[in-house]
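Structure file entry-v1.cif (mmCIF, N, CA, C and O atoms) follows.
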data_input
loop_
_atom_site.label_atom_id
_atom_site.label_comp_id
_atom_site.auth_asym_id
_atom_site.auth_seq_id
_atom_site.Cartn_x
_atom_site.Cartn_y
_atom_site.Cartn_z
N MET A 1 5.70 30.24 8.08
CA MET A 1 5.59 29.62 6.77
C MET A 1 4.38 30.24 6.08
O MET A 1 3.35 30.48 6.70
N SER A 2 4.48 30.47 4.79
CA SER A 2 3.38 31.08 4.06
C SER A 2 2.25 30.08 3.84
O SER A 2 2.44 28.86 3.94
N LEU A 3 1.09 30.60 3.51
CA LEU A 3 -0.07 29.75 3.25
C LEU A 3 0.22 28.78 2.11
O LEU A 3 -0.12 27.59 2.18
N ALA A 4 0.86 29.25 1.06
CA ALA A 4 1.18 28.40 -0.08
C ALA A 4 2.11 27.25 0.33
O ALA A 4 1.94 26.11 -0.12
N GLN A 5 3.06 27.53 1.20
CA GLN A 5 3.98 26.49 1.67
C GLN A 5 3.26 25.46 2.53
O GLN A 5 3.50 24.26 2.42
N ILE A 6 2.37 25.92 3.38
CA ILE A 6 1.59 25.01 4.22
C ILE A 6 0.68 24.15 3.35
O ILE A 6 0.56 22.94 3.57
N GLN A 7 0.07 24.74 2.34
CA GLN A 7 -0.77 23.97 1.43
C GLN A 7 0.04 22.92 0.69
O GLN A 7 -0.42 21.80 0.46
N ASP A 8 1.27 23.26 0.32
CA ASP A 8 2.14 22.31 -0.35
C ASP A 8 2.46 21.13 0.57
O ASP A 8 2.40 19.97 0.14
N VAL A 9 2.76 21.42 1.82
CA VAL A 9 3.05 20.36 2.78
C VAL A 9 1.82 19.48 2.97
O VAL A 9 1.91 18.24 2.96
N LEU A 10 0.67 20.09 3.11
CA LEU A 10 -0.57 19.33 3.30
C LEU A 10 -0.85 18.45 2.08
O LEU A 10 -1.20 17.28 2.24
N ALA A 11 -0.67 18.97 0.89
CA ALA A 11 -0.86 18.18 -0.32
C ALA A 11 0.08 16.98 -0.33
O ALA A 11 -0.31 15.87 -0.69
N ARG A 12 1.32 17.19 0.06
CA ARG A 12 2.29 16.09 0.11
C ARG A 12 1.87 15.04 1.13
O ARG A 12 2.02 13.84 0.90
N LEU A 13 1.31 15.48 2.26
CA LEU A 13 0.88 14.53 3.28
C LEU A 13 -0.24 13.63 2.78
O LEU A 13 -0.33 12.47 3.19
N TYR A 14 -1.08 14.12 1.92
CA TYR A 14 -2.20 13.32 1.42
C TYR A 14 -1.88 12.54 0.17
O TYR A 14 -2.61 11.61 -0.16
N THR A 15 -0.80 12.86 -0.51
CA THR A 15 -0.46 12.12 -1.72
C THR A 15 0.73 11.19 -1.54
O THR A 15 0.95 10.32 -2.37
N ASP A 16 1.48 11.35 -0.49
CA ASP A 16 2.66 10.52 -0.23
C ASP A 16 2.39 9.66 1.00
O ASP A 16 2.48 10.12 2.14
N THR A 17 2.05 8.40 0.76
CA THR A 17 1.68 7.48 1.84
C THR A 17 2.78 7.37 2.89
O THR A 17 2.50 7.42 4.09
N ASN A 18 4.02 7.22 2.46
CA ASN A 18 5.13 7.07 3.42
C ASN A 18 5.30 8.31 4.28
O ASN A 18 5.50 8.21 5.49
N LEU A 19 5.22 9.47 3.65
CA LEU A 19 5.35 10.72 4.39
C LEU A 19 4.20 10.87 5.38
O LEU A 19 4.40 11.23 6.54
N ARG A 20 2.98 10.57 4.93
CA ARG A 20 1.81 10.68 5.80
C ARG A 20 1.93 9.75 7.01
O ARG A 20 1.70 10.14 8.14
N GLU A 21 2.32 8.50 6.77
CA GLU A 21 2.46 7.56 7.87
C GLU A 21 3.54 8.00 8.85
O GLU A 21 3.37 7.92 10.07
N ALA A 22 4.65 8.48 8.32
CA ALA A 22 5.73 8.98 9.19
C ALA A 22 5.25 10.19 9.99
O ALA A 22 5.53 10.30 11.19
N PHE A 23 4.52 11.08 9.34
CA PHE A 23 4.02 12.27 10.01
C PHE A 23 3.05 11.91 11.13
O PHE A 23 3.11 12.47 12.22
N LEU A 24 2.16 10.96 10.87
CA LEU A 24 1.20 10.56 11.90
C LEU A 24 1.87 9.85 13.07
O LEU A 24 1.41 9.95 14.20
N LYS A 25 2.97 9.15 12.80
CA LYS A 25 3.70 8.48 13.88
C LYS A 25 4.52 9.46 14.70
O LYS A 25 4.64 9.31 15.92
N ASP A 26 5.12 10.44 14.04
CA ASP A 26 5.99 11.38 14.74
C ASP A 26 5.86 12.78 14.11
O ASP A 26 6.74 13.22 13.38
N PRO A 27 4.73 13.45 14.38
CA PRO A 27 4.50 14.75 13.76
C PRO A 27 5.59 15.77 14.05
O PRO A 27 5.96 16.55 13.16
N ALA A 28 6.11 15.79 15.27
CA ALA A 28 7.11 16.80 15.63
C ALA A 28 8.36 16.68 14.77
O ALA A 28 8.85 17.68 14.22
N GLN A 29 8.86 15.48 14.63
CA GLN A 29 10.10 15.28 13.86
C GLN A 29 9.87 15.54 12.37
O GLN A 29 10.64 16.25 11.73
N VAL A 30 8.83 14.96 11.82
CA VAL A 30 8.57 15.12 10.38
C VAL A 30 8.17 16.56 10.08
O VAL A 30 8.62 17.13 9.08
N GLY A 31 7.35 17.15 10.94
CA GLY A 31 6.98 18.55 10.74
C GLY A 31 8.19 19.46 10.72
O GLY A 31 8.30 20.33 9.85
N ALA A 32 9.11 19.24 11.64
CA ALA A 32 10.33 20.05 11.67
C ALA A 32 11.15 19.84 10.40
O ALA A 32 11.70 20.80 9.84
N SER A 33 11.21 18.60 9.92
CA SER A 33 11.99 18.33 8.69
C SER A 33 11.35 18.98 7.47
O SER A 33 12.04 19.24 6.48
N LEU A 34 10.05 19.25 7.56
CA LEU A 34 9.35 19.91 6.46
C LEU A 34 9.37 21.43 6.61
O LEU A 34 8.84 22.15 5.77
N GLY A 35 9.95 21.93 7.70
CA GLY A 35 10.05 23.37 7.92
C GLY A 35 8.85 23.97 8.64
O GLY A 35 8.68 25.18 8.65
N LEU A 36 8.01 23.12 9.24
CA LEU A 36 6.84 23.60 9.97
C LEU A 36 7.22 24.03 11.38
O LEU A 36 8.08 23.42 12.01
N SER A 37 6.55 25.05 11.87
CA SER A 37 6.71 25.43 13.28
C SER A 37 5.96 24.41 14.13
O SER A 37 5.17 23.61 13.62
N SER A 38 6.16 24.48 15.42
CA SER A 38 5.46 23.58 16.33
C SER A 38 3.95 23.76 16.22
O SER A 38 3.19 22.78 16.18
N ALA A 39 3.49 25.00 16.17
CA ALA A 39 2.05 25.27 16.06
C ALA A 39 1.50 24.76 14.73
O ALA A 39 0.41 24.17 14.69
N GLU A 40 2.22 24.98 13.64
CA GLU A 40 1.78 24.50 12.33
C GLU A 40 1.71 22.97 12.31
O GLU A 40 0.76 22.39 11.79
N THR A 41 2.71 22.34 12.91
CA THR A 41 2.73 20.88 12.98
C THR A 41 1.53 20.36 13.74
O THR A 41 0.84 19.43 13.30
N HIS A 42 1.24 20.97 14.88
CA HIS A 42 0.10 20.56 15.69
C HIS A 42 -1.20 20.70 14.90
O HIS A 42 -2.05 19.80 14.92
N GLN A 43 -1.37 21.81 14.21
CA GLN A 43 -2.60 22.04 13.43
C GLN A 43 -2.74 21.03 12.30
O GLN A 43 -3.82 20.48 12.08
N LEU A 44 -1.66 20.78 11.57
CA LEU A 44 -1.74 19.83 10.46
C LEU A 44 -1.95 18.41 10.96
O LEU A 44 -2.65 17.63 10.31
N ALA A 45 -1.36 18.06 12.09
CA ALA A 45 -1.56 16.72 12.64
C ALA A 45 -3.03 16.51 12.99
O ALA A 45 -3.60 15.45 12.73
N ALA A 46 -3.65 17.51 13.56
CA ALA A 46 -5.08 17.41 13.91
C ALA A 46 -5.93 17.27 12.65
O ALA A 46 -6.86 16.47 12.61
N ILE A 47 -5.62 18.03 11.63
CA ILE A 47 -6.36 17.96 10.37
C ILE A 47 -6.14 16.60 9.70
O ILE A 47 -7.08 15.96 9.25
N ALA A 48 -4.90 16.17 9.65
CA ALA A 48 -4.56 14.92 8.97
C ALA A 48 -5.29 13.74 9.60
O ALA A 48 -5.88 12.91 8.89
N GLU A 49 -5.29 13.65 10.91
CA GLU A 49 -5.95 12.54 11.58
C GLU A 49 -7.44 12.53 11.29
O GLU A 49 -8.01 11.49 10.99
N LYS A 50 -8.09 13.67 11.38
CA LYS A 50 -9.53 13.74 11.13
C LYS A 50 -9.86 13.34 9.69
O LYS A 50 -10.79 12.58 9.45
N GLN A 51 -9.11 13.85 8.74
CA GLN A 51 -9.41 13.57 7.34
C GLN A 51 -9.13 12.12 6.98
O GLN A 51 -9.86 11.53 6.19
N ILE A 52 -8.11 11.55 7.55
CA ILE A 52 -7.81 10.14 7.26
C ILE A 52 -8.93 9.26 7.79
O ILE A 52 -9.38 8.35 7.11
N VAL A 53 -9.40 9.52 8.98
CA VAL A 53 -10.51 8.75 9.55
C VAL A 53 -11.75 8.92 8.69
O VAL A 53 -12.45 7.95 8.36
N GLN A 54 -12.06 10.15 8.29
CA GLN A 54 -13.23 10.40 7.45
C GLN A 54 -13.11 9.67 6.11
O GLN A 54 -14.08 9.08 5.63
N PHE A 55 -11.94 9.69 5.52
CA PHE A 55 -11.73 9.03 4.24
C PHE A 55 -11.90 7.51 4.39
O PHE A 55 -12.54 6.87 3.58
N ALA A 56 -11.32 6.95 5.44
CA ALA A 56 -11.45 5.51 5.68
C ALA A 56 -12.91 5.13 5.89
O ALA A 56 -13.39 4.12 5.36
N ASP A 57 -13.64 5.94 6.64
CA ASP A 57 -15.07 5.68 6.84
C ASP A 57 -15.83 5.74 5.52
O ASP A 57 -16.71 4.93 5.27
N SER A 58 -15.48 6.69 4.69
CA SER A 58 -16.12 6.83 3.39
C SER A 58 -15.88 5.59 2.53
O SER A 58 -16.81 5.08 1.89
N LEU A 59 -14.67 5.10 2.51
CA LEU A 59 -14.35 3.89 1.75
C LEU A 59 -15.13 2.69 2.29
O LEU A 59 -15.64 1.88 1.51
N HIS A 60 -15.22 2.60 3.59
CA HIS A 60 -15.95 1.50 4.20
C HIS A 60 -17.42 1.53 3.78
O HIS A 60 -18.00 0.51 3.41
N ARG A 61 -18.03 2.72 3.83
CA ARG A 61 -19.43 2.85 3.43
C ARG A 61 -19.62 2.49 1.96
O ARG A 61 -20.58 1.82 1.60
N LYS A 62 -18.69 2.93 1.10
CA LYS A 62 -18.79 2.61 -0.32
C LYS A 62 -18.71 1.11 -0.54
O LYS A 62 -19.44 0.55 -1.35
N ARG A 63 -17.81 0.46 0.16
CA ARG A 63 -17.67 -1.00 0.05
C ARG A 63 -18.92 -1.71 0.52
O ARG A 63 -19.40 -2.65 -0.10
N ALA A 64 -19.48 -1.25 1.63
CA ALA A 64 -20.70 -1.85 2.15
C ALA A 64 -21.85 -1.71 1.16
O ALA A 64 -22.62 -2.64 0.95
N ASP A 65 -21.93 -0.57 0.50
CA ASP A 65 -22.98 -0.35 -0.51
C ASP A 65 -22.79 -1.28 -1.69
O ASP A 65 -23.74 -1.81 -2.25
N GLU A 66 -21.53 -1.52 -2.11
CA GLU A 66 -21.26 -2.42 -3.24
C GLU A 66 -21.65 -3.86 -2.90
O GLU A 66 -22.16 -4.59 -3.74
N VAL A 67 -21.42 -4.28 -1.68
CA VAL A 67 -21.73 -5.64 -1.25
C VAL A 67 -23.24 -5.87 -1.23
O VAL A 67 -23.73 -6.94 -1.58
N ARG A 68 -23.98 -4.84 -0.86
CA ARG A 68 -25.44 -4.95 -0.80
C ARG A 68 -26.08 -5.11 -2.17
O ARG A 68 -27.16 -5.67 -2.28
N VAL A 69 -25.44 -4.60 -3.21
CA VAL A 69 -26.05 -4.61 -4.55
C VAL A 69 -26.04 -5.97 -5.15
O VAL A 69 -25.50 -6.90 -4.97
#
Write out the structure in this file as structure tokens.
Amino acid sequence: MSLAQIQDVLARLYTDTNLREAFLKDPAQVGASLGLSSAETHQLAAIAEKQIVQFADSLHRKRADEVRV
């Protein structure tokens, strides 16, 4: 898959909640349906999990800062 296609899939994973949740639950099946190879699926799953955790942590910190004010 080309870089542009992988970037498109990644963008969809971060903007489409249902797709992202399905991908995180079953990366192999959803990755295959998106045309990703096994290696590409594995790489995107690792990236997706890390970024989602980081984003959630960021939101939590922002909320904690708002409560303190």
Q. Mind pulling up the distance from atom C of Leu10 of chain A to atom O of Thr41 of chain A?
A. 11.4 Å
Residue neighbourhood Ser37 of chain A, 8 Å, only N, CA, C and O atoms, exclusion window fewer than 6 positions, as a PDB file with N, CA, C and O atoms, in the coordinates of the input:
ATOM      1  N   MET A   1       5.700  30.240   8.080  1.00  0.00           N
ATOM      2  CA  MET A   1       5.590  29.620   6.770  1.00  0.00           C
ATOM      3  C   MET A   1       4.380  30.240   6.080  1.00  0.00           C
ATOM      4  O   MET A   1       3.350  30.480   6.700  1.00  0.00           O
ATOM      5  N   PRO A  27       4.730  13.450  14.380  1.00  0.00           N
ATOM      6  CA  PRO A  27       4.500  14.750  13.760  1.00  0.00           C
ATOM      7  C   PRO A  27       5.590  15.770  14.050  1.00  0.00           C
ATOM      8  O   PRO A  27       5.960  16.550  13.160  1.00  0.00           O
ATOM      9  N   ALA A  28       6.110  15.790  15.270  1.00  0.00           N
ATOM     10  CA  ALA A  28       7.110  16.800  15.630  1.00  0.00           C
ATOM     11  C   ALA A  28       8.360  16.680  14.770  1.00  0.00           C
ATOM     12  O   ALA A  28       8.850  17.680  14.220  1.00  0.00           O
ATOM     13  N   GLY A  31       7.350  17.150  10.940  1.00  0.00           N
ATOM     14  CA  GLY A  31       6.980  18.550  10.740  1.00  0.00           C
ATOM     15  C   GLY A  31       8.190  19.460  10.720  1.00  0.00           C
ATOM     16  O   GLY A  31       8.300  20.330   9.850  1.00  0.00           O
ATOM     17  N   GLN A  43      -1.370  21.810  14.210  1.00  0.00           N
ATOM     18  CA  GLN A  43      -2.600  22.040  13.430  1.00  0.00           C
ATOM     19  C   GLN A  43      -2.740  21.030  12.300  1.00  0.00           C
ATOM     20  O   GLN A  43      -3.820  20.480  12.080  1.00  0.00           O
ATOM     21  N   LEU A  44      -1.660  20.780  11.570  1.00  0.00           N
ATOM     22  CA  LEU A  44      -1.740  19.830  10.460  1.00  0.00           C
ATOM     23  C   LEU A  44      -1.950  18.410  10.960  1.00  0.00           C
ATOM     24  O   LEU A  44      -2.650  17.630  10.310  1.00  0.00           O
TER      25      LEU A  44
END
Q. In Å, how far is it from atom CA of Ala56 of chain A to atom CA of Arg20 of chain A?
A. 14.2 Å
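Between Ala48 of chain A and the residues A:Ala22, A:Arg63, A:Leu13, A:Ser33, the shortest atom-to-atom distance, using all atoms listed in the file, involves A:Leu13.
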Q: Choose the residue, out of A:Ala64, A:Leu3, A:Phe23, A:Asp16, that has the smallest atom-to-atom separation from Ala45 of chain A; count all atoms listed in the file.
A: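 Selected residue with least distance to Ala45 of chain A: A:Phe23.
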